[in-house]
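Scroll down for the structure; my scribbles are underneath it.
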Amino acid sequence: MSHDVPTRTGPDQHSPGFHRRDFLKGSGAAVAATAMATAGDDARAQVAPKKISTSAPQKIKLNVNGQERELTVEPRVTLMDALRNDLNLTACKDVCDRAVCGACTVHIDGKPVLACTRLAIEFTGQKIVTAEALMTPTKTDAVIDAFVKHDGMQCGFCTPGFVMAVRGFCNSHPNATVDDCRKGLGGNICRCGTYDSVLKAAYEVAQTKKGGA
Amino acid sequence: MRPFEYARPETEAEAIEFLNDHGGQTAVLAGGTDLLNLLKADVVTTQRVVDIKHVPSFHEVVPEQGGVKIGALVTLEELHDHPLLAEYRSLLDVIDGVRAIQIQSSGTLAGDLCHHPNCWYYRNGYGLLALEKGESLVTSGDNRYHAVFGNQGPAKFVSASRFAPGLIAWGAKVRVIGPQPTEAEWVPLEYFFITPRTNQQGTTILKPGQMISHVWLPDPGVTRSATYEVLQLEGLDWPLAAAAACLQIEGGTVRQARLVMGHVAPVPWIASDAARWLVGQSVNEETAGMAADMAVSRATPLSQNEYKVQLARTAVKRAILKAAGLLTMEGA
């Protein structure tokens with residue numbers, strides 16, 4: 001877990017002495033080291049993704065927000081669930097879980113996709129970016145600034161998905177009109193009805209061609 | 001979702017091989033927007049998903065035999081921006097109507113053709129035919145989005161494919177591969193869809209272990225096309241009715257015409273009488289309206305969907321006018 005991305009449980013801040021978590025981390029590494037030493041085939045198998053993975057939990061590597069993350073998930077685990085439950089990246093929101101609301105939007109290789117209807121195991125070797133990456137201690141994406149300026153949220157639950165959709169849309173549609181924005185962003189639903197403000201924000205970012213993550 | 005295996009083939013033959021394990025109890029995974037929903041709802045069960053995205057030939061768009069061959073996995077976004085496809089207006093119209101950048105970047109051409117019906121009885125586990133004790137739940141139930149054509153048999157759902165009307169009007173073919181690793185056959189798209197008589201028959205000719213690898217379209221030549229979809233929402237939505245027209249107009253007179261309706265029957269519904277009548281006419285408000293009347297004259301609406309007949313009529317009329325370049329204002 002990166003230091004600048006808060007986890008759901010929060011980072012270990014005061015940890016003098018011996019902790020269960022440290023023990024588990026340490027013993028895991030020891031087991032991994034043994035496995036590396038004795039089973040060269042397994043090590044190679046991890047370099048190229050396996051052609052057939054069983055339904056049992058699989059060790060996979062995902063490149064999320066620029067970091068290589070290793071996790072163990074069953075093939076049936078969606079990218080959304082892996083991000084939220086295994087990597088604590090909860091900006092990817094679980095709302096409809098049926099590819100109709102847009103709240104789980106993340107970027108895969110720069111394109112906005114719905115993480116609820118993709119499997120985590122599909123994306124080994126591709127670049128995944130979540131809304132967490134749009135704001136670091138040193139840099140804030142222009143889309144976030146535009147949302148703040150135009151008051152593009154009320155309850156905020158749809159906002160991370162909307163922000164990722166707007167970012168993806170503006171990357172591929174510079175100079176888009178308000179109507180273009182409305183059509184491109186029709187896959188994101190806001191139950192508070194802040195569409196007008198979101199469209200203003202999207203239009204501004206598209207027109208000023210402000211790049212981002 | 002129930003547990004399943006995950007396979008990642010790298011060639012067409014490997015994809016077919018992986019699909020045929022487990023006695024064909026497998027599923028093709030492309031963009032995932034339909035399959036994952038079906039798996040979550042337990043409407044489809046599978047021993048293995050075969051992720052075909054790593055087979056290079058499924059991504060290609062290449063000229064072939066007086067036309068263009070499009071890989072099964074070409075996304076809506078890629079279709080929209082490809083120079084070889086710029087003249088197939090009826091396909092671009094559909095993409096413009098899919099108002100979500102996420103679906104445009106994930107959704108695939110063959111995924112649309114294989115999309116399962118959106119019938120709410122089917123999606124809630126009552127089967128394709130939605131029968132309970134031999135009686136149709138659709139006939140007596142909420143059938144506002146169901147078929148107004150081809151609904152005299154047990155199937156009352158509507159075909160979900162948005163590209164099929166436009167593709168069929170163009171005379172598209174699909175390349176079906178499997179179940180043998182080297183087996184491949186080109187099938188005219190209009191024969192690809194079937195109206196099932198049982199819950200097990202499915203909505204296409206695809207058998208277990210088979211899949212679409214490519215779609216072929218003839219060169220556009222002077223033919224002009226359009227699709228008109230009647231959408232209820234401004235956002236992401238499925239059409240209530242749609243129609244595609246392919247017209248060859250010379251000297252102001254229609255020389256060839258193909259009209260196909262979508263979302264009105266269990267299969268894309270070809271309006272051959274109306275198209276035949278249109279040949280020899282000049283396209284204007286009146287002739288387009290008459291062809292549209294003809295296209296819907298034999299509709300058999302259910303208890304709650306008579307309004308769809310009028311929507312289908314409007315879709316046909318506007319598709320004809322749009323293909324002829326006479327529908328200037330959207331929604332006119």
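Chains: A, B, ... in order of the structure tokens. Residues: from 1 per chain. Ligands: from 1, in order shown.
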
**OP:** Excluding Thr194 (chain A) and any residue of its chain fewer than 3 positions from it, enumerate the residues within 7 Å of it, using only C-alpha atoms, and give them as a PyMOL selection string.
**Re:** chain A and resi 152-154+190+197-198

Print the selection's residues with N, CA, C and O atoms to a file, as an mmCIF file, in the first residue's frame.
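Heads up, here's the output in part-v4.cif:
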```cif
data_model
loop_
_atom_site.group_PDB
_atom_site.id
_atom_site.type_symbol
_atom_site.label_atom_id
_atom_site.label_comp_id
_atom_site.auth_asym_id
_atom_site.auth_seq_id
_atom_site.Cartn_x
_atom_site.Cartn_y
_atom_site.Cartn_z
ATOM 1 N N GLY A 152 -19.798 19.982 -8.788
ATOM 2 C CA GLY A 152 -20.300 18.833 -9.538
ATOM 3 C C GLY A 152 -20.643 17.634 -8.684
ATOM 4 O O GLY A 152 -20.447 16.496 -9.122
ATOM 5 N N MET A 153 -21.108 17.853 -7.476
ATOM 6 C CA MET A 153 -21.496 16.691 -6.667
ATOM 7 C C MET A 153 -22.450 17.127 -5.569
ATOM 8 O O MET A 153 -22.484 18.295 -5.169
ATOM 9 N N GLN A 154 -23.253 16.167 -5.116
ATOM 10 C CA GLN A 154 -24.037 16.412 -3.903
ATOM 11 C C GLN A 154 -23.656 15.349 -2.876
ATOM 12 O O GLN A 154 -22.820 15.572 -2.032
ATOM 13 N N CYS A 190 -26.336 9.793 -11.681
ATOM 14 C CA CYS A 190 -26.239 10.534 -10.417
ATOM 15 C C CYS A 190 -27.650 10.674 -9.871
ATOM 16 O O CYS A 190 -28.491 11.332 -10.473
ATOM 17 N N SER A 197 -24.042 20.420 -13.481
ATOM 18 C CA SER A 197 -22.734 20.869 -13.000
ATOM 19 C C SER A 197 -21.614 19.966 -13.528
ATOM 20 O O SER A 197 -20.530 20.444 -13.879
ATOM 21 N N VAL A 198 -21.891 18.675 -13.563
ATOM 22 C CA VAL A 198 -20.874 17.745 -14.066
ATOM 23 C C VAL A 198 -20.580 18.066 -15.537
ATOM 24 O O VAL A 198 -19.418 18.086 -15.966
#
```

**OP:** Report as a PyMOL selection string the set of chain B residues whose atoms approach chain A to within 6 Å, with distances computed over only C-alpha atoms.
**Re:** chain B and resi 3-8+32-33+36-37+99-102+235-236

Would you mind exporting the chosen residues as an mmCIF file, in the first residue's frame, restricted to C-alpha atoms?
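Result file follows (result.cif):
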```cif
data_model
loop_
_atom_site.group_PDB
_atom_site.id
_atom_site.type_symbol
_atom_site.label_atom_id
_atom_site.label_comp_id
_atom_site.auth_asym_id
_atom_site.auth_seq_id
_atom_site.Cartn_x
_atom_site.Cartn_y
_atom_site.Cartn_z
ATOM 1 C CA PRO B 3 -16.617 -20.430 -9.596
ATOM 2 C CA PHE B 4 -15.200 -21.004 -13.074
ATOM 3 C CA GLU B 5 -11.871 -21.532 -14.782
ATOM 4 C CA TYR B 6 -10.216 -18.813 -16.795
ATOM 5 C CA ALA B 7 -8.577 -19.565 -20.140
ATOM 6 C CA ARG B 8 -6.514 -17.193 -22.231
ATOM 7 C CA GLY B 32 -17.784 -8.735 -20.431
ATOM 8 C CA THR B 33 -20.701 -6.309 -20.135
ATOM 9 C CA LEU B 36 -20.733 -11.098 -16.397
ATOM 10 C CA ASN B 37 -24.248 -9.856 -15.766
ATOM 11 C CA ARG B 99 -24.243 6.984 -24.959
ATOM 12 C CA ALA B 100 -21.580 5.740 -22.581
ATOM 13 C CA ILE B 101 -17.885 6.048 -23.227
ATOM 14 C CA GLN B 102 -17.298 2.962 -21.065
ATOM 15 C CA GLY B 235 -28.333 8.341 -21.341
ATOM 16 C CA LEU B 236 -27.375 4.707 -21.835
#
```

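Residue nearest Asn63 (chain A), chosen from A:Ile128, A:Leu79, A:Cys192, A:Ala176 and counting only C-alpha atoms: A:Ile128.
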
Original post:
Which neighbours of Asn175 (chain A) fall inside 9 Å, counting only C-alpha atoms, when residues of the same chain fewer than 5 positions from it are skipped, and could you give them as a PyMOL selection string?
Top reply: chain A and resi 170+203+205-209

Deliver the residues from the most recent selection as a file, using all heavy atoms, as a short mmCIF file (atom, residue, chain, number, x, y, z; two decimals), in the first residue's frame.
```cif
data_model
loop_
_atom_site.label_atom_id
_atom_site.label_comp_id
_atom_site.auth_asym_id
_atom_site.auth_seq_id
_atom_site.Cartn_x
_atom_site.Cartn_y
_atom_site.Cartn_z
N CYS A 170 -12.51 13.37 -21.84
CA CYS A 170 -11.77 14.56 -22.27
C CYS A 170 -10.45 14.20 -22.95
O CYS A 170 -10.00 14.90 -23.85
CB CYS A 170 -11.54 15.49 -21.09
SG CYS A 170 -13.06 16.23 -20.48
N TYR A 203 -17.21 20.02 -19.81
CA TYR A 203 -17.05 20.92 -20.96
C TYR A 203 -15.83 21.81 -20.77
O TYR A 203 -15.03 22.00 -21.69
CB TYR A 203 -18.32 21.77 -21.09
CG TYR A 203 -18.28 22.80 -22.18
CD1 TYR A 203 -18.28 22.42 -23.52
CD2 TYR A 203 -18.25 24.16 -21.86
CE1 TYR A 203 -18.24 23.38 -24.52
CE2 TYR A 203 -18.21 25.12 -22.86
CZ TYR A 203 -18.20 24.73 -24.19
OH TYR A 203 -18.17 25.67 -25.17
N VAL A 205 -13.12 21.23 -18.98
CA VAL A 205 -11.87 20.48 -19.11
C VAL A 205 -11.61 20.15 -20.59
O VAL A 205 -10.48 20.28 -21.09
CB VAL A 205 -11.90 19.19 -18.27
CG1 VAL A 205 -10.62 18.40 -18.47
CG2 VAL A 205 -12.09 19.53 -16.80
N ALA A 206 -12.67 19.76 -21.30
CA ALA A 206 -12.50 19.42 -22.71
C ALA A 206 -12.05 20.63 -23.52
O ALA A 206 -11.19 20.53 -24.38
CB ALA A 206 -13.81 18.87 -23.28
N GLN A 207 -12.61 21.78 -23.21
CA GLN A 207 -12.30 22.98 -23.98
C GLN A 207 -10.90 23.51 -23.68
O GLN A 207 -10.23 24.02 -24.57
CB GLN A 207 -13.33 24.08 -23.68
CG GLN A 207 -14.71 23.80 -24.26
CD GLN A 207 -14.70 23.77 -25.79
OE1 GLN A 207 -14.08 24.60 -26.42
NE2 GLN A 207 -15.40 22.80 -26.37
N THR A 208 -10.48 23.37 -22.43
CA THR A 208 -9.17 23.92 -22.09
C THR A 208 -8.07 22.89 -22.29
O THR A 208 -6.90 23.19 -22.11
CB THR A 208 -9.14 24.40 -20.63
OG1 THR A 208 -9.63 23.36 -19.81
CG2 THR A 208 -9.99 25.63 -20.44
N LYS A 209 -8.47 21.69 -22.71
CA LYS A 209 -7.50 20.62 -23.02
C LYS A 209 -6.52 20.43 -21.88
O LYS A 209 -5.32 20.29 -22.09
CB LYS A 209 -6.74 20.93 -24.30
CG LYS A 209 -7.59 20.81 -25.55
CD LYS A 209 -6.73 20.98 -26.78
CE LYS A 209 -7.38 21.96 -27.74
NZ LYS A 209 -6.55 22.36 -28.84
#
```

**OP:** From a DSSP calculation on the backbone, collect every residue of region 73-141 of chain A in strand (DSSP E or B) and output the set as a list in words.
**Re:**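 Assigned to strand (DSSP E or B), within region 73-141 of chain A: Val73, Thr78, Thr105, Val106, His107, Ile108, Lys111, Pro112, Val113, Leu114, Leu119, Lys127, Ile128, Val129, Met135 and Thr140 of chain A.
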
**OP:** Would you please work out which residue, of B:Ala164, B:Val215, B:Leu240, B:Val316, is nearest to Arg144 (chain B) when using only C-alpha atoms?
**Re:**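 Of the candidates, the smallest distance to Arg144 (chain B) is held by B:Leu240.
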
Subject >> Which residue of B:Leu206, B:Pro220, B:Ala172, B:Trp277 approaches Ala86 (chain B) most closely, using only C-alpha atoms >> reply: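 Looking at the shortest contact to Ala86 (chain B), the residue is B:Pro220.
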
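Among the candidates A:Lys59, A:Lys200, A:Lys93, A:Arg69, the residue lying nearest to Ala131 (chain A) is A:Lys93 (atoms considered: only C-alpha atoms).
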
**OP:** From the DSSP assignment of the backbone, select every residue of region 79-318 of chain B that is helix (DSSP H, G or I), and format the answer as a PyMOL selection string.
**Re:** chain B and resi 79-81+83-85+89-97+101-106+109-113+120-123+137-140+164-170+189-191+272-278+285-296+307-318

Env of Ser213 (chain B): 12 Å cut, atoms = only C-alpha atoms, seq-sep filter 2 positions within chain, self excluded. Answer as a compact mmCIF listing (two decimals) with N, CA, C and O atoms, in the first residue's frame.
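The new file out-v8.txt reads:
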```txt
# COMPACT_ATOMS: atom_id res chain seq x y z
N THR B 11 -4.46 -18.18 -30.10
CA THR B 11 -4.77 -18.38 -31.51
C THR B 11 -6.23 -18.80 -31.62
O THR B 11 -6.85 -19.21 -30.63
N GLU B 12 -6.76 -18.72 -32.85
CA GLU B 12 -8.15 -19.12 -33.07
C GLU B 12 -8.35 -20.60 -32.72
O GLU B 12 -9.32 -20.97 -32.06
N ALA B 13 -7.39 -21.44 -33.16
CA ALA B 13 -7.53 -22.88 -32.92
C ALA B 13 -7.50 -23.17 -31.41
O ALA B 13 -8.26 -24.01 -30.91
N ALA B 15 -8.44 -21.08 -29.09
CA ALA B 15 -9.71 -20.60 -28.51
C ALA B 15 -10.77 -21.68 -28.65
O ALA B 15 -11.52 -21.96 -27.70
N ILE B 16 -10.85 -22.30 -29.83
CA ILE B 16 -11.86 -23.34 -30.06
C ILE B 16 -11.57 -24.56 -29.19
O ILE B 16 -12.48 -25.16 -28.60
N VAL B 28 -17.63 -17.61 -23.97
CA VAL B 28 -16.66 -16.68 -24.56
C VAL B 28 -16.73 -15.36 -23.80
O VAL B 28 -17.81 -14.79 -23.63
N ALA B 30 -15.57 -11.53 -23.96
CA ALA B 30 -14.98 -10.44 -24.75
C ALA B 30 -14.99 -9.19 -23.88
O ALA B 30 -14.22 -9.08 -22.94
N ILE B 52 -11.03 -14.22 -25.06
CA ILE B 52 -10.48 -14.29 -26.42
C ILE B 52 -9.69 -13.04 -26.82
O ILE B 52 -9.24 -12.93 -27.96
N LYS B 53 -9.46 -12.13 -25.87
CA LYS B 53 -8.89 -10.84 -26.24
C LYS B 53 -7.41 -10.91 -26.64
O LYS B 53 -6.85 -9.94 -27.11
N VAL B 55 -6.19 -13.07 -28.87
CA VAL B 55 -6.06 -13.66 -30.21
C VAL B 55 -5.99 -12.49 -31.20
O VAL B 55 -6.97 -11.78 -31.39
N PRO B 56 -4.81 -12.26 -31.82
CA PRO B 56 -4.64 -11.04 -32.63
C PRO B 56 -5.65 -10.92 -33.77
O PRO B 56 -6.13 -9.82 -34.06
N SER B 57 -5.99 -12.03 -34.44
CA SER B 57 -6.85 -11.92 -35.63
C SER B 57 -8.24 -11.41 -35.28
O SER B 57 -8.93 -10.86 -36.14
N PHE B 58 -8.67 -11.56 -34.05
CA PHE B 58 -10.00 -11.09 -33.67
C PHE B 58 -10.08 -9.55 -33.56
O PHE B 58 -11.14 -8.98 -33.39
N HIS B 59 -8.91 -8.90 -33.63
CA HIS B 59 -8.90 -7.44 -33.49
C HIS B 59 -8.76 -6.73 -34.84
O HIS B 59 -8.75 -5.51 -34.89
N GLU B 60 -8.62 -7.49 -35.94
CA GLU B 60 -8.23 -6.85 -37.20
C GLU B 60 -9.41 -6.22 -37.94
O GLU B 60 -10.56 -6.63 -37.78
N VAL B 61 -9.09 -5.22 -38.74
CA VAL B 61 -10.04 -4.66 -39.71
C VAL B 61 -9.25 -4.60 -41.02
O VAL B 61 -8.33 -3.80 -41.15
N LYS B 69 -13.24 -7.09 -43.75
CA LYS B 69 -13.39 -8.13 -42.73
C LYS B 69 -13.08 -7.50 -41.37
O LYS B 69 -12.03 -6.90 -41.20
N ILE B 70 -14.02 -7.63 -40.45
CA ILE B 70 -13.88 -6.98 -39.13
C ILE B 70 -13.82 -8.07 -38.07
O ILE B 70 -14.70 -8.93 -38.00
N GLY B 71 -12.80 -8.03 -37.24
CA GLY B 71 -12.65 -9.02 -36.19
C GLY B 71 -13.76 -8.91 -35.14
O GLY B 71 -14.30 -7.83 -34.91
N ALA B 72 -14.06 -10.04 -34.53
CA ALA B 72 -15.14 -10.11 -33.54
C ALA B 72 -14.95 -9.13 -32.40
O ALA B 72 -15.91 -8.65 -31.81
N LEU B 73 -13.68 -8.84 -32.07
CA LEU B 73 -13.40 -8.05 -30.87
C LEU B 73 -13.24 -6.57 -31.12
O LEU B 73 -12.94 -5.82 -30.19
N VAL B 74 -13.44 -6.14 -32.35
CA VAL B 74 -13.29 -4.71 -32.64
C VAL B 74 -14.34 -3.96 -31.82
O VAL B 74 -15.52 -4.28 -31.87
N THR B 108 -17.98 -4.93 -27.93
CA THR B 108 -17.40 -5.45 -29.18
C THR B 108 -18.51 -5.76 -30.19
O THR B 108 -19.67 -5.95 -29.83
N LEU B 109 -18.10 -5.84 -31.45
CA LEU B 109 -19.05 -6.08 -32.54
C LEU B 109 -19.76 -7.43 -32.36
O LEU B 109 -20.99 -7.51 -32.38
N ALA B 110 -18.98 -8.50 -32.17
CA ALA B 110 -19.61 -9.81 -32.04
C ALA B 110 -20.33 -9.96 -30.70
O ALA B 110 -21.31 -10.69 -30.59
N GLY B 111 -19.85 -9.23 -29.71
CA GLY B 111 -20.53 -9.23 -28.42
C GLY B 111 -21.94 -8.70 -28.55
O GLY B 111 -22.88 -9.21 -27.93
N LEU B 113 -23.72 -8.88 -31.34
CA LEU B 113 -24.51 -9.87 -32.09
C LEU B 113 -24.94 -11.04 -31.20
O LEU B 113 -25.96 -11.66 -31.44
N CYS B 114 -24.11 -11.35 -30.20
CA CYS B 114 -24.40 -12.48 -29.32
C CYS B 114 -25.06 -12.05 -28.01
O CYS B 114 -25.22 -12.88 -27.11
N LYS B 173 -21.93 -10.95 -43.62
CA LYS B 173 -21.79 -12.37 -43.28
C LYS B 173 -20.98 -12.48 -42.00
O LYS B 173 -20.17 -11.59 -41.70
N VAL B 174 -21.19 -13.56 -41.27
CA VAL B 174 -20.35 -13.80 -40.10
C VAL B 174 -19.56 -15.09 -40.30
O VAL B 174 -20.06 -16.04 -40.91
N ARG B 175 -18.34 -15.10 -39.80
CA ARG B 175 -17.52 -16.30 -39.89
C ARG B 175 -17.65 -17.04 -38.56
O ARG B 175 -17.25 -16.53 -37.50
N VAL B 176 -18.26 -18.22 -38.63
CA VAL B 176 -18.46 -19.04 -37.44
C VAL B 176 -17.36 -20.09 -37.39
O VAL B 176 -17.16 -20.82 -38.37
N ILE B 177 -16.61 -20.13 -36.29
CA ILE B 177 -15.53 -21.12 -36.18
C ILE B 177 -15.88 -22.15 -35.10
O ILE B 177 -16.64 -21.88 -34.19
N GLY B 178 -15.30 -23.36 -35.27
CA GLY B 178 -15.55 -24.45 -34.33
C GLY B 178 -16.68 -25.34 -34.84
O GLY B 178 -17.29 -25.03 -35.86
N GLU B 183 -12.29 -25.69 -38.17
CA GLU B 183 -13.56 -25.53 -38.86
C GLU B 183 -13.97 -24.06 -38.92
O GLU B 183 -13.91 -23.35 -37.93
N ALA B 184 -14.38 -23.60 -40.10
CA ALA B 184 -14.84 -22.22 -40.25
C ALA B 184 -15.85 -22.15 -41.38
O ALA B 184 -15.70 -22.83 -42.40
N GLU B 185 -16.87 -21.34 -41.20
CA GLU B 185 -17.90 -21.23 -42.23
C GLU B 185 -18.44 -19.80 -42.24
O GLU B 185 -18.69 -19.21 -41.19
N TRP B 186 -18.60 -19.24 -43.45
CA TRP B 186 -19.21 -17.91 -43.57
C TRP B 186 -20.71 -18.07 -43.69
O TRP B 186 -21.20 -18.80 -44.55
N VAL B 187 -21.46 -17.40 -42.85
CA VAL B 187 -22.92 -17.52 -42.82
C VAL B 187 -23.52 -16.12 -43.03
O VAL B 187 -23.11 -15.19 -42.34
N LEU B 206 -25.31 -20.63 -33.13
CA LEU B 206 -24.07 -21.10 -32.50
C LEU B 206 -24.34 -22.30 -31.59
O LEU B 206 -25.22 -22.26 -30.73
N GLN B 210 -18.68 -23.26 -30.52
CA GLN B 210 -18.57 -22.39 -31.68
C GLN B 210 -18.58 -20.93 -31.25
O GLN B 210 -19.11 -20.60 -30.19
N MET B 211 -18.05 -20.09 -32.11
CA MET B 211 -18.10 -18.64 -31.85
C MET B 211 -17.95 -17.88 -33.15
O MET B 211 -17.58 -18.45 -34.17
N VAL B 215 -16.71 -10.56 -38.96
CA VAL B 215 -17.88 -10.12 -39.71
C VAL B 215 -17.37 -9.55 -41.02
O VAL B 215 -16.33 -8.88 -41.05
N TRP B 216 -18.08 -9.86 -42.11
CA TRP B 216 -17.66 -9.32 -43.42
C TRP B 216 -18.76 -8.43 -43.99
O TRP B 216 -19.94 -8.76 -43.90
```

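Comparing A:Ala120, A:Val148, A:Ile60, A:Val143 by their smallest distance to Gly161 (chain A), the closest is A:Val143 (using only C-alpha atoms).
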
**OP:** For Ala265 (chain B), list every protein, DNA or RNA residue within 10 Å, evaluated using only C-alpha atoms, and leave out those in the same chain fewer than 5 positions away; present the list as a PyMOL selection string.
**Re:** chain B and resi 146-151+155-160+195+241+299
